[in-house]
Structures are given as structure tokens and as C-alpha cells.
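Single-structure report; data block below.
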Amino acid sequence: GRADAFWEAVLQPWDMAAGRLMVEEAKGRVTRFDGSEVSVGPDEIVATNGQIHDELMAALRDLDVPAVGLSGLDAGLGQHLAGLGNLAG
């Protein structure tokens, strides 16, 4: 499969380690919701192709993630990301 972006509010280290390595080796970006480095323990994660990282981070900030929680994202996120192009590739 292919995706340009992924985010998750709580992800375990074993669920993100390999994916994080692949994204970073492919020149993508992986950060926390606030832009800081992802920790070794359970953490939130935003991973992108690198080209849309700043725009996705801005959209998540506009929605007050993680305060909104993942269930509240569906309604508003599409509107915020409409200008980013096709995220699913």
C-alpha cells in the first residue's frame, strides 16, 4: 500500500519502530503532534512523505489534536486537508 500521511494519538513502540525507520529512510518526516521527536515509549505520531508535513501539522493544530481525539477528526479534517491534494496517492 501507499500513503502520504499517517497519524495516531497513542501508538506503542513496537507498532511504530519499523514504519518510522522506513519513513525516515525514504526522506519522510516523523514527529509528535507538536513537532518534537517521537519518544521510545508509547507516543503520538505524525508520519508523512515530508512534503506535506507542515500542512498536516497545521491542520492537526487547527483541530486541537490530541484534545479532539481521533473520533472527532473525521468531520473536520477533510476540510482542512482539501488543499493538500490526494493523500491516498
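Going through the C-alpha cells in order, the chains are called A, B, and so on, while each chain numbers its residues from 1 and the ligands are numbered from 1 in the order shown.
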
For stretch 29-41 of chain A: contacts at 10 Å, only C-alpha atoms, fewer than 4 positions along chain excluded, given as a VMD selection string: chain A and resid 5 to 9 11 to 14 16 to 17 19 to 21 23 to 25 45 to 54 56 to 58 60 to 61 64 to 66

Could you pull out all residues of stretch 6-71 of chain A with a DSSP call of alpha helix (DSSP H) and give them as a ChimeraX atom specification? /A:13-25,53-62

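Distances here use only C-alpha atoms; by that measure, the residue among A:Glu55, A:Asp43, A:Asp62, A:Asp4 closest to A:Gly28 is A:Asp4.
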